[in-house]
file target-v5.pdb (PDB, C-alpha atoms, pLDDT in the B column)
ATOM      1  CA  MET A   1       0.000   0.000   0.000  1.00 59.00           C
ATOM      2  CA  LYS A   2       2.839   2.406   0.874  1.00 60.00           C
ATOM      3  CA  SER A   3       4.511   1.640  -2.441  1.00 64.00           C
ATOM      4  CA  LEU A   4       1.308   2.417  -4.351  1.00 60.00           C
ATOM      5  CA  ILE A   5       0.869   5.719  -2.529  1.00 63.00           C
ATOM      6  CA  LYS A   6       4.531   6.591  -3.140  1.00 61.00           C
ATOM      7  CA  ASN A   7       4.175   5.819  -6.860  1.00 60.00           C
ATOM      8  CA  ILE A   8       1.004   7.867  -7.218  1.00 59.00           C
ATOM      9  CA  THR A   9       2.588  10.768  -5.334  1.00 60.00           C
ATOM     10  CA  THR A  10       5.663  10.613  -7.557  1.00 59.00           C
ATOM     11  CA  VAL A  11       3.598  10.717 -10.751  1.00 55.00           C
ATOM     12  CA  LEU A  12       1.487  13.614  -9.443  1.00 53.00           C
ATOM     13  CA  LEU A  13       4.540  15.664  -8.418  1.00 54.00           C
ATOM     14  CA  ILE A  14       6.201  15.140 -11.779  1.00 59.00           C
ATOM     15  CA  SER A  15       2.981  16.074 -13.582  1.00 58.00           C
ATOM     16  CA  LEU A  16       2.629  19.267 -11.576  1.00 51.00           C
ATOM     17  CA  ALA A  17       6.198  20.278 -12.290  1.00 54.00           C
ATOM     18  CA  PHE A  18       5.729  19.868 -16.043  1.00 53.00           C
ATOM     19  CA  THR A  19       2.779  22.242 -15.945  1.00 52.00           C
ATOM     20  CA  GLY A  20       5.386  24.940 -15.289  1.00 51.00           C
ATOM     21  CA  VAL A  21       6.729  24.439 -18.813  1.00 51.00           C
ATOM     22  CA  GLU A  22       3.395  25.523 -20.251  1.00 55.00           C
ATOM     23  CA  LEU A  23       3.316  28.528 -17.914  1.00 50.00           C
ATOM     24  CA  VAL A  24       6.687  29.797 -19.087  1.00 51.00           C
ATOM     25  CA  GLN A  25       5.760  29.230 -22.733  1.00 53.00           C
ATOM     26  CA  ALA A  26       2.531  31.202 -22.271  1.00 53.00           C
ATOM     27  CA  THR A  27       4.414  33.981 -20.499  1.00 51.00           C
ATOM     28  CA  ALA A  28       6.963  34.114 -23.280  1.00 51.00           C
ATOM     29  CA  GLN A  29       4.207  34.485 -25.880  1.00 54.00           C
ATOM     30  CA  THR A  30       2.208  37.180 -24.068  1.00 52.00           C
ATOM     31  CA  ASP A  31       5.052  39.245 -22.616  1.00 48.00           C
ATOM     32  CA  SER A  32       7.735  39.131 -25.296  1.00 50.00           C
ATOM     33  CA  ASN A  33       9.025  42.613 -24.403  1.00 54.00           C
ATOM     34  CA  SER A  34      10.223  41.589 -20.966  1.00 57.00           C
ATOM     35  CA  VAL A  35      13.410  39.614 -21.567  1.00 55.00           C
ATOM     36  CA  GLU A  36      14.404  39.902 -17.919  1.00 60.00           C
ATOM     37  CA  LYS A  37      11.083  38.456 -16.766  1.00 61.00           C
ATOM     38  CA  ILE A  38      11.420  35.552 -19.181  1.00 60.00           C
ATOM     39  CA  ASN A  39      14.963  34.837 -18.007  1.00 65.00           C
ATOM     40  CA  ASN A  40      13.831  34.912 -14.361  1.00 71.00           C
ATOM     41  CA  ASP A  41      10.927  32.631 -15.202  1.00 82.00           C
ATOM     42  CA  LYS A  42      13.282  30.236 -16.977  1.00 85.00           C
ATOM     43  CA  GLU A  43      15.608  30.152 -13.993  1.00 87.00           C
ATOM     44  CA  VAL A  44      12.688  29.333 -11.702  1.00 90.00           C
ATOM     45  CA  LEU A  45      11.424  26.748 -14.181  1.00 91.00           C
ATOM     46  CA  PHE A  46      14.863  25.149 -14.526  1.00 93.00           C
ATOM     47  CA  ASN A  47      15.186  24.872 -10.749  1.00 92.00           C
ATOM     48  CA  GLN A  48      11.724  23.321 -10.434  1.00 94.00           C
ATOM     49  CA  MET A  49      12.333  20.906 -13.270  1.00 95.00           C
ATOM     50  CA  GLU A  50      15.721  19.903 -11.906  1.00 95.00           C
ATOM     51  CA  LYS A  51      14.104  18.960  -8.584  1.00 95.00           C
ATOM     52  CA  ALA A  52      11.284  17.085 -10.336  1.00 95.00           C
ATOM     53  CA  PHE A  53      13.704  15.211 -12.600  1.00 96.00           C
ATOM     54  CA  VAL A  54      16.005  14.180  -9.755  1.00 96.00           C
ATOM     55  CA  TYR A  55      12.991  13.066  -7.727  1.00 96.00           C
ATOM     56  CA  GLY A  56      11.614  11.048 -10.648  1.00 95.00           C
ATOM     57  CA  LEU A  57      15.005   9.476 -11.300  1.00 96.00           C
ATOM     58  CA  SER A  58      15.192   8.332  -7.681  1.00 95.00           C
ATOM     59  CA  SER A  59      12.154   6.097  -8.149  1.00 94.00           C
ATOM     60  CA  ASP A  60      12.407   2.324  -8.112  1.00 92.00           C
ATOM     61  CA  VAL A  61       9.476   1.994 -10.524  1.00 93.00           C
ATOM     62  CA  ASP A  62      10.473   1.438 -14.153  1.00 93.00           C
ATOM     63  CA  GLY A  63       7.444   3.318 -15.503  1.00 92.00           C
ATOM     64  CA  VAL A  64       8.288   6.410 -13.465  1.00 94.00           C
ATOM     65  CA  LEU A  65      11.916   6.212 -14.611  1.00 95.00           C
ATOM     66  CA  GLU A  66      10.904   5.901 -18.264  1.00 93.00           C
ATOM     67  CA  SER A  67       8.531   8.836 -17.917  1.00 92.00           C
ATOM     68  CA  SER A  68      11.283  10.879 -16.293  1.00 94.00           C
ATOM     69  CA  PHE A  69      13.713  10.033 -19.100  1.00 94.00           C
ATOM     70  CA  HIS A  70      11.151  11.065 -21.697  1.00 91.00           C
ATOM     71  CA  GLN A  71      10.331  14.318 -19.918  1.00 92.00           C
ATOM     72  CA  ILE A  72      14.032  15.172 -19.624  1.00 94.00           C
ATOM     73  CA  ILE A  73      14.493  14.520 -23.346  1.00 91.00           C
ATOM     74  CA  VAL A  74      11.533  16.700 -24.324  1.00 89.00           C
ATOM     75  CA  PHE A  75      12.574  19.439 -21.911  1.00 92.00           C
ATOM     76  CA  LYS A  76      16.186  19.432 -23.139  1.00 90.00           C
ATOM     77  CA  ALA A  77      14.999  19.546 -26.756  1.00 88.00           C
ATOM     78  CA  THR A  78      12.776  22.507 -25.906  1.00 88.00           C
ATOM     79  CA  TYR A  79      15.275  24.327 -23.675  1.00 89.00           C
ATOM     80  CA  SER A  80      18.708  23.466 -25.020  1.00 88.00           C
ATOM     81  CA  GLU A  81      20.340  25.737 -22.443  1.00 91.00           C
ATOM     82  CA  PHE A  82      19.057  23.577 -19.571  1.00 93.00           C
ATOM     83  CA  ASP A  83      21.990  21.927 -17.810  1.00 94.00           C
ATOM     84  CA  SER A  84      22.007  20.185 -14.458  1.00 95.00           C
ATOM     85  CA  GLU A  85      24.842  18.318 -12.809  1.00 96.00           C
ATOM     86  CA  ASP A  86      22.371  16.739 -10.365  1.00 96.00           C
ATOM     87  CA  VAL A  87      20.290  15.314 -13.226  1.00 97.00           C
ATOM     88  CA  LYS A  88      23.431  14.062 -15.016  1.00 97.00           C
ATOM     89  CA  THR A  89      24.658  12.421 -11.802  1.00 97.00           C
ATOM     90  CA  ALA A  90      21.313  10.679 -11.282  1.00 97.00           C
ATOM     91  CA  LEU A  91      21.262   9.523 -14.916  1.00 97.00           C
ATOM     92  CA  ASN A  92      24.839   8.275 -14.681  1.00 97.00           C
ATOM     93  CA  ASN A  93      23.966   6.329 -11.534  1.00 97.00           C
ATOM     94  CA  LEU A  94      21.035   4.665 -13.301  1.00 97.00           C
ATOM     95  CA  ALA A  95      23.124   3.991 -16.417  1.00 96.00           C
ATOM     96  CA  GLN A  96      25.568   2.048 -14.274  1.00 96.00           C
ATOM     97  CA  ASN A  97      23.385   0.526 -11.561  1.00 95.00           C
ATOM     98  CA  ALA A  98      19.791   0.087 -12.761  1.00 95.00           C
ATOM     99  CA  ASP A  99      18.336  -3.393 -12.399  1.00 93.00           C
ATOM    100  CA  THR A 100      17.494  -3.897 -16.072  1.00 95.00           C
ATOM    101  CA  HIS A 101      19.479  -3.307 -19.249  1.00 94.00           C
ATOM    102  CA  PHE A 102      16.422  -1.565 -20.692  1.00 94.00           C
ATOM    103  CA  ILE A 103      16.505   1.168 -18.032  1.00 96.00           C
ATOM    104  CA  ARG A 104      20.295   1.359 -18.150  1.00 96.00           C
ATOM    105  CA  TYR A 105      20.310   1.926 -21.917  1.00 95.00           C
ATOM    106  CA  ARG A 106      17.585   4.548 -21.805  1.00 94.00           C
ATOM    107  CA  ALA A 107      19.490   6.304 -19.033  1.00 96.00           C
ATOM    108  CA  VAL A 108      22.600   6.221 -21.251  1.00 95.00           C
ATOM    109  CA  LEU A 109      20.694   7.781 -24.173  1.00 93.00           C
ATOM    110  CA  THR A 110      19.206  10.491 -21.968  1.00 94.00           C
ATOM    111  CA  LEU A 111      22.581  11.190 -20.371  1.00 95.00           C
ATOM    112  CA  ALA A 112      24.227  11.405 -23.795  1.00 92.00           C
ATOM    113  CA  LEU A 113      21.713  14.083 -24.807  1.00 92.00           C
ATOM    114  CA  MET A 114      22.309  16.006 -21.583  1.00 93.00           C
ATOM    115  CA  LYS A 115      26.103  15.868 -21.956  1.00 93.00           C
ATOM    116  CA  ASN A 116      26.565  16.168 -25.728  1.00 88.00           C
ATOM    117  CA  GLN A 117      23.503  17.734 -27.272  1.00 85.00           C
ATOM    118  CA  ASP A 118      25.460  18.769 -30.383  1.00 82.00           C
ATOM    119  CA  ARG A 119      26.139  15.140 -31.221  1.00 82.00           C
ATOM    120  CA  PHE A 120      22.439  14.653 -31.962  1.00 78.00           C
ATOM    121  CA  GLY A 121      22.252  17.380 -34.600  1.00 73.00           C
ATOM    122  CA  SER A 122      21.237  20.989 -34.549  1.00 71.00           C
ATOM    123  CA  ASP A 123      17.506  20.446 -34.987  1.00 74.00           C
ATOM    124  CA  LEU A 124      15.954  18.666 -32.030  1.00 77.00           C
ATOM    125  CA  THR A 125      12.469  20.022 -32.737  1.00 78.00           C
ATOM    126  CA  PRO A 126      11.169  16.547 -33.613  1.00 78.00           C
ATOM    127  CA  LEU A 127      12.124  15.384 -30.119  1.00 76.00           C
ATOM    128  CA  ALA A 128      10.213  18.207 -28.474  1.00 76.00           C
ATOM    129  CA  ASN A 129       7.056  17.192 -30.346  1.00 78.00           C
ATOM    130  CA  MET A 130       7.233  13.433 -29.770  1.00 73.00           C
ATOM    131  CA  LYS A 131       4.533  12.169 -27.457  1.00 75.00           C
ATOM    132  CA  ASP A 132       5.523   8.498 -27.709  1.00 77.00           C
ATOM    133  CA  LYS A 133       8.556   7.851 -25.559  1.00 77.00           C
ATOM    134  CA  ASP A 134       9.640   4.891 -27.689  1.00 85.00           C
ATOM    135  CA  ASP A 135       9.857   7.162 -30.743  1.00 85.00           C
ATOM    136  CA  ALA A 136      12.017   9.619 -28.800  1.00 85.00           C
ATOM    137  CA  PHE A 137      14.456   6.894 -27.739  1.00 86.00           C
ATOM    138  CA  HIS A 138      14.549   5.494 -31.276  1.00 87.00           C
ATOM    139  CA  PHE A 139      15.333   8.997 -32.583  1.00 85.00           C
ATOM    140  CA  LEU A 140      18.188   9.398 -30.079  1.00 87.00           C
ATOM    141  CA  ASN A 141      19.553   5.942 -30.837  1.00 87.00           C
ATOM    142  CA  GLU A 142      19.568   6.600 -34.595  1.00 86.00           C
ATOM    143  CA  ARG A 143      21.227   9.998 -34.213  1.00 82.00           C
ATOM    144  CA  LEU A 144      23.792   8.672 -31.763  1.00 80.00           C
ATOM    145  CA  ASN A 145      24.783   5.819 -34.051  1.00 79.00           C
ATOM    146  CA  ALA A 146      24.473   7.664 -37.374  1.00 73.00           C
ATOM    147  CA  ASP A 147      28.169   8.445 -37.615  1.00 66.00           C
ATOM    148  CA  ARG A 148      29.292   4.958 -36.637  1.00 67.00           C
ATOM    149  CA  TYR A 149      28.352   3.237 -39.871  1.00 60.00           C
ATOM    150  CA  THR A 150      30.427   3.467 -43.018  1.00 57.00           C
ATOM    151  CA  ALA A 151      29.811   2.293 -46.544  1.00 56.00           C
ATOM    152  CA  ASN A 152      32.380   0.345 -48.529  1.00 52.00           C
TER     153      ASN A 152
END
call {"tool": "encode", "arguments": {"input": "target-v5.pdb", "output": "structure tokens"}}
result
Amino acid sequence: MKSLIKNITTVLLISLAFTGVELVQATAQTDSNSVEKINNDKEVLFNQMEKAFVYGLSSDVDGVLESSFHQIIVFKATYSEFDSEDVKTALNNLAQNADTHFIRYRAVLTLALMKNQDRFGSDLTPLANMKDKDDAFHFLNERLNADRYTAN
């Protein structure tokens, strides 16, 4: 019962944090003259998202971890300037110590995007618009491995 309550609480907290993304986007559209306000809002948003991501990545539920990976990918594609050592540390920990290879590999892909965004190409707009997490991971995998294959 405690585990179920913990899982539900985790999902609700992550969902509430992602609502902040929409708030900043709406603010940016309606108040485009106030660059300072937008930058302050982004800083607040980045801090909130960092906490939500680290919390989500601390879960022992695979579904919560996958959702967190996907949300980090979409957020990073939307806000390329987002950078968090705490998120990278949590991802690195999962990449090395997660129980399943599936979670480890998805953590590796997400970490690779956080560390080396340029390696995935200059246009990450498709990632920001992907609702299916499997498509997002497939996109990252293809971009990551694109330069590894050669033709004879």
call {"tool": "resolve_selection", "arguments": {"input": "target-v5.pdb", "expression": "the PyMOL selection byres ((chain A and resi 103) around 12)", "output": "compact mmCIF listing (two decimals) with C-alpha atoms, keeping the file's coordinate frame"}}
result
# COMPACT_ATOMS: atom_id res chain seq x y z
CA LEU A 57 15.00 9.48 -11.30
CA SER A 59 12.15 6.10 -8.15
CA ASP A 60 12.41 2.32 -8.11
CA VAL A 61 9.48 1.99 -10.52
CA ASP A 62 10.47 1.44 -14.15
CA GLY A 63 7.44 3.32 -15.50
CA VAL A 64 8.29 6.41 -13.46
CA LEU A 65 11.92 6.21 -14.61
CA GLU A 66 10.90 5.90 -18.26
CA SER A 67 8.53 8.84 -17.92
CA SER A 68 11.28 10.88 -16.29
CA PHE A 69 13.71 10.03 -19.10
CA HIS A 70 11.15 11.06 -21.70
CA LEU A 91 21.26 9.52 -14.92
CA ASN A 92 24.84 8.28 -14.68
CA ASN A 93 23.97 6.33 -11.53
CA LEU A 94 21.04 4.66 -13.30
CA ALA A 95 23.12 3.99 -16.42
CA GLN A 96 25.57 2.05 -14.27
CA ASN A 97 23.38 0.53 -11.56
CA ALA A 98 19.79 0.09 -12.76
CA ASP A 99 18.34 -3.39 -12.40
CA THR A 100 17.49 -3.90 -16.07
CA HIS A 101 19.48 -3.31 -19.25
CA PHE A 102 16.42 -1.56 -20.69
CA ARG A 104 20.30 1.36 -18.15
CA TYR A 105 20.31 1.93 -21.92
CA ARG A 106 17.58 4.55 -21.80
CA ALA A 107 19.49 6.30 -19.03
CA VAL A 108 22.60 6.22 -21.25
CA LEU A 109 20.69 7.78 -24.17
CA THR A 110 19.21 10.49 -21.97
CA LEU A 111 22.58 11.19 -20.37
CA PHE A 137 14.46 6.89 -27.74
call {"tool": "atom_distance", "arguments": {"input": "target-v5.pdb", "atom1": "atom CA of A:Phe139", "atom2": "atom CA of A:Phe46"}}
result
24.2 Å
call {"tool": "atom_distance", "arguments": {"input": "target-v5.pdb", "atom1": "atom CA of A:Gln48", "atom2": "atom CA of A:Pro126"}}
result
24.2 Å
call {"tool": "residues_near_point", "arguments": {"input": "target-v5.pdb", "point": "(16.0, 22.7, -19.9)", "cutoff": "10 Å", "atoms": "all atoms listed in the file", "output": "mmCIF file with C-alpha atoms, in the frame of the given file"}}
result
data_model
loop_
_atom_site.group_PDB
_atom_site.id
_atom_site.type_symbol
_atom_site.label_atom_id
_atom_site.label_comp_id
_atom_site.auth_asym_id
_atom_site.auth_seq_id
_atom_site.Cartn_x
_atom_site.Cartn_y
_atom_site.Cartn_z
ATOM 1 C CA VAL A 21 6.729 24.439 -18.813
ATOM 2 C CA LYS A 42 13.282 30.236 -16.977
ATOM 3 C CA GLU A 43 15.608 30.152 -13.993
ATOM 4 C CA LEU A 45 11.424 26.748 -14.181
ATOM 5 C CA PHE A 46 14.863 25.149 -14.526
ATOM 6 C CA ASN A 47 15.186 24.872 -10.749
ATOM 7 C CA MET A 49 12.333 20.906 -13.270
ATOM 8 C CA GLU A 50 15.721 19.903 -11.906
ATOM 9 C CA ILE A 72 14.032 15.172 -19.624
ATOM 10 C CA ILE A 73 14.493 14.520 -23.346
ATOM 11 C CA VAL A 74 11.533 16.700 -24.324
ATOM 12 C CA PHE A 75 12.574 19.439 -21.911
ATOM 13 C CA LYS A 76 16.186 19.432 -23.139
ATOM 14 C CA ALA A 77 14.999 19.546 -26.756
ATOM 15 C CA THR A 78 12.776 22.507 -25.906
ATOM 16 C CA TYR A 79 15.275 24.327 -23.675
ATOM 17 C CA SER A 80 18.708 23.466 -25.020
ATOM 18 C CA GLU A 81 20.340 25.737 -22.443
ATOM 19 C CA PHE A 82 19.057 23.577 -19.571
ATOM 20 C CA ASP A 83 21.990 21.927 -17.810
ATOM 21 C CA SER A 84 22.007 20.185 -14.458
ATOM 22 C CA MET A 114 22.309 16.006 -21.583
#
call {"tool": "atom_distance", "arguments": {"input": "target-v5.pdb", "atom1": "atom CA of A:Ala90", "atom2": "atom CA of A:Val54"}}
result
6.5 Å
call {"tool": "closest_residue", "arguments": {"input": "target-v5.pdb", "among": "A:Gln117, A:Asn40, A:Asp123, A:Gln71", "to": "A:Ala136", "atoms": "all atoms listed in the file"}}
result
A:Gln71
call {"tool": "axis_aligned_box", "arguments": {"input": "target-v5.pdb", "around": "stretch 77-81 of chain A", "padding_each_side": "3 Å", "output": "AutoDock Vina command-line options"}}
result
--center_x 16.6 --center_y 22.6 --center_z -24.6 --size_x 13.6 --size_y 12.2 --size_z 10.3
call {"tool": "resolve_selection", "arguments": {"input": "target-v5.pdb", "expression": "the PyMOL selection byres ((chain A and resi 144) around 12)", "output": "VMD selection string"}}
result
chain A and resid 108 to 113 116 to 121 137 to 143 145 to 149
